[in-house]
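All remarks here apply to the structure that follows.
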Amino acid sequence: MKMLRKYIQAIVVVGIVVVSIFLWEKFKNFNPFTIKDIQTTHNMVLKEMTVLGKLELANFAFRDVVEQELVRDYMPNPKAILIVQGEAIGCIDLTKIKAEDIVTKDDTLIVHLPDPELCSYRIDHSKSKIYDTEYAFMNEQALMNEAYTRAEAKIKQSALEMGILEQTKKNAELVLKPLLENISGKKVVLQYEMKATLERLK
């Protein structure tokens, strides 16, 4: 009886050892504190872009010869010829970017940018001048005001027709993309929605 009991005890001990070895081999690399994945929120990138605000990326310079005439019924028509210089600036408003517009995928940072916009257009009065006038001695100011107003509208129209918004996007690849890659340490992909439509000036 004693021999049987010892035999059973030996079997139990061997069984415990075998099970222990099996469990050790199966779970020796198990660690409840092992990090499965790393989630990173790039608030620094967002803050840097917000600080930049409206980032000017394209500047179109214009030079125009404007002929302005005020039509009268009985008196000679006042006329003026102006040489006008101005500029239009394309930009991206980075303050519109929200946290969900920045997505990390492996080693790539995908940034959804707002549509480029024509942020300003203006006449440079310091470089513009009156070339010639006729019968304008009583109406010169009205002639000038109307000429400059029409010239400014023409700058806006010409800038849009010449593709300043598309050029703004191209320049973002050259200027903004390397800046964000330097800040984040990742490859950056810029994406746009371009849902907005622009009506052509008449």
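Following the order of the structure tokens, first chain is A, next is B, and so on, with residues numbered from 1 inside each chain and ligands from 1 in the order they appear.
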
Distance query Leu109 in chain A at most 8 Å, only C-alpha atoms, self and fewer than 3 positions along chain excluded, as a PyMOL selection string: chain A and resi 102-105+184+186-189

Quick one: pick out all helix (DSSP H, G or I) residues within range 53-160 of chain A from a backbone DSSP run and write them as a PyMOL selection string. chain A and resi 94-96+99-101+140-160

What would the file look like if the residues just selected were written as a short mmCIF file (atom, residue, chain, number, x, y, z; two decimals), in the first residue's frame with N, CA and C atoms?
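Result went into result18.cif, see below:
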```
data_model
loop_
_atom_site.label_atom_id
_atom_site.label_comp_id
_atom_site.auth_asym_id
_atom_site.auth_seq_id
_atom_site.Cartn_x
_atom_site.Cartn_y
_atom_site.Cartn_z
N LEU A 94 -4.30 78.54 -41.72
CA LEU A 94 -3.98 77.39 -40.88
C LEU A 94 -4.73 77.39 -39.55
N THR A 95 -5.33 78.53 -39.18
CA THR A 95 -6.10 78.58 -37.93
C THR A 95 -7.40 77.77 -38.05
N LYS A 96 -7.80 77.41 -39.28
CA LYS A 96 -9.01 76.62 -39.48
C LYS A 96 -8.78 75.13 -39.24
N ALA A 99 -7.87 69.38 -34.65
CA ALA A 99 -7.07 68.21 -34.26
C ALA A 99 -7.40 67.00 -35.14
N GLU A 100 -8.68 66.83 -35.50
CA GLU A 100 -9.07 65.67 -36.31
C GLU A 100 -8.60 65.78 -37.76
N ASP A 101 -8.08 66.94 -38.15
CA ASP A 101 -7.55 67.11 -39.50
C ASP A 101 -6.13 66.58 -39.63
N GLU A 140 -10.88 115.32 -61.88
CA GLU A 140 -9.71 114.44 -61.76
C GLU A 140 -9.86 113.42 -60.64
N GLN A 141 -10.36 113.83 -59.48
CA GLN A 141 -10.48 112.91 -58.35
C GLN A 141 -11.47 111.78 -58.64
N ALA A 142 -12.59 112.13 -59.28
CA ALA A 142 -13.58 111.10 -59.65
C ALA A 142 -12.99 110.13 -60.66
N LEU A 143 -12.23 110.65 -61.61
CA LEU A 143 -11.57 109.80 -62.59
C LEU A 143 -10.61 108.82 -61.91
N MET A 144 -9.80 109.35 -61.00
CA MET A 144 -8.80 108.52 -60.34
C MET A 144 -9.46 107.43 -59.50
N ASN A 145 -10.46 107.81 -58.71
CA ASN A 145 -11.13 106.85 -57.83
C ASN A 145 -11.75 105.71 -58.62
N GLU A 146 -12.43 106.05 -59.70
CA GLU A 146 -13.07 105.03 -60.51
C GLU A 146 -12.04 104.15 -61.21
N ALA A 147 -10.96 104.75 -61.68
CA ALA A 147 -9.90 103.98 -62.35
C ALA A 147 -9.24 102.99 -61.40
N TYR A 148 -8.94 103.45 -60.19
CA TYR A 148 -8.30 102.57 -59.22
C TYR A 148 -9.24 101.45 -58.77
N THR A 149 -10.53 101.76 -58.62
CA THR A 149 -11.50 100.74 -58.22
C THR A 149 -11.60 99.64 -59.26
N ARG A 150 -11.67 100.05 -60.53
CA ARG A 150 -11.75 99.07 -61.60
C ARG A 150 -10.44 98.29 -61.75
N ALA A 151 -9.33 98.94 -61.54
CA ALA A 151 -8.03 98.26 -61.64
C ALA A 151 -7.88 97.22 -60.54
N GLU A 152 -8.36 97.54 -59.35
CA GLU A 152 -8.27 96.60 -58.24
C GLU A 152 -9.13 95.37 -58.49
N ALA A 153 -10.35 95.60 -59.01
CA ALA A 153 -11.22 94.47 -59.36
C ALA A 153 -10.58 93.61 -60.44
N LYS A 154 -9.89 94.25 -61.37
CA LYS A 154 -9.22 93.51 -62.45
C LYS A 154 -8.08 92.66 -61.91
N ILE A 155 -7.40 93.15 -60.90
CA ILE A 155 -6.32 92.37 -60.28
C ILE A 155 -6.88 91.09 -59.68
N LYS A 156 -8.00 91.20 -58.97
CA LYS A 156 -8.62 90.02 -58.37
C LYS A 156 -9.02 89.02 -59.46
N GLN A 157 -9.70 89.50 -60.48
CA GLN A 157 -10.15 88.63 -61.57
C GLN A 157 -8.97 87.95 -62.26
N SER A 158 -7.94 88.73 -62.56
CA SER A 158 -6.78 88.18 -63.27
C SER A 158 -6.06 87.14 -62.43
N ALA A 159 -5.93 87.40 -61.13
CA ALA A 159 -5.23 86.46 -60.24
C ALA A 159 -5.95 85.11 -60.21
N LEU A 160 -7.27 85.13 -60.12
CA LEU A 160 -8.03 83.89 -60.10
C LEU A 160 -7.95 83.16 -61.43
#
```

Nearest residue to Ala61 in chain A out of A:Arg122, A:Lys129, A:Lys169, A:Lys47, using only C-alpha atoms? A:Arg122

Compare A:Cys91, A:Ile183, A:Leu190, A:Ile83 by their minimum atom-to-atom distance to Pro116 in chain A, counting only C-alpha atoms, and give me the closest one.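 Comparing A:Cys91, A:Ile183, A:Leu190, A:Ile83 against Pro116 in chain A, the winner is A:Cys91.
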
Go through A:Ala172, A:Leu82, A:Val51, A:Leu57 one by one, measure the shortest atom-to-atom distance of each to Asp132 in chain A using only C-alpha atoms, and give the residue with the smallest value.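 The shortest atom-to-atom distance to Asp132 in chain A comes from A:Leu82.
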
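Distance-wise, CA of Gly86 in chain A and CA of Phe62 in chain A end up 5.2 Å apart.
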
Of the residues A:Ile110, A:Leu179, A:Ala88, A:Leu46, which is the one nearest to Gly163 in chain A, using only C-alpha atoms?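 Going through A:Ile110, A:Leu179, A:Ala88, A:Leu46 one by one, the smallest distance to Gly163 in chain A is for A:Ala88.
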
Pick from A:Tyr121, A:Ile16, A:Ala58, A:Lys127: nearest to Glu173 in chain A, with only C-alpha atoms counted? A:Ala58

Between CA of Asn59 in chain A and CA of Val111 in chain A, what distance in Å does the model show, to one decimal?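 CA of Val111 in chain A lies 23.5 Å from CA of Asn59 in chain A.
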
What is the distance, in Å and to one decimal place, between CA of Gln85 in chain A and CA of Gln68 in chain A?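 Value for the CA of Gln85 in chain A-CA of Gln68 in chain A distance: 15.7 Å.
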
So that I can see what lies close to Tyr131 in chain A, please list as a ChimeraX atom specification the residues with an atom at most 10 Å from it, counting only C-alpha atoms and leaving out residues fewer than 2 positions away in the same chain. /A:65-67,80-84,128-129,133

Of the residues A:Val175, A:Ile97, A:Asp64, A:Thr168, which is the one nearest to Asp124 in chain A, using only C-alpha atoms?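 Smallest separation from Asp124 in chain A among the options: A:Asp64.
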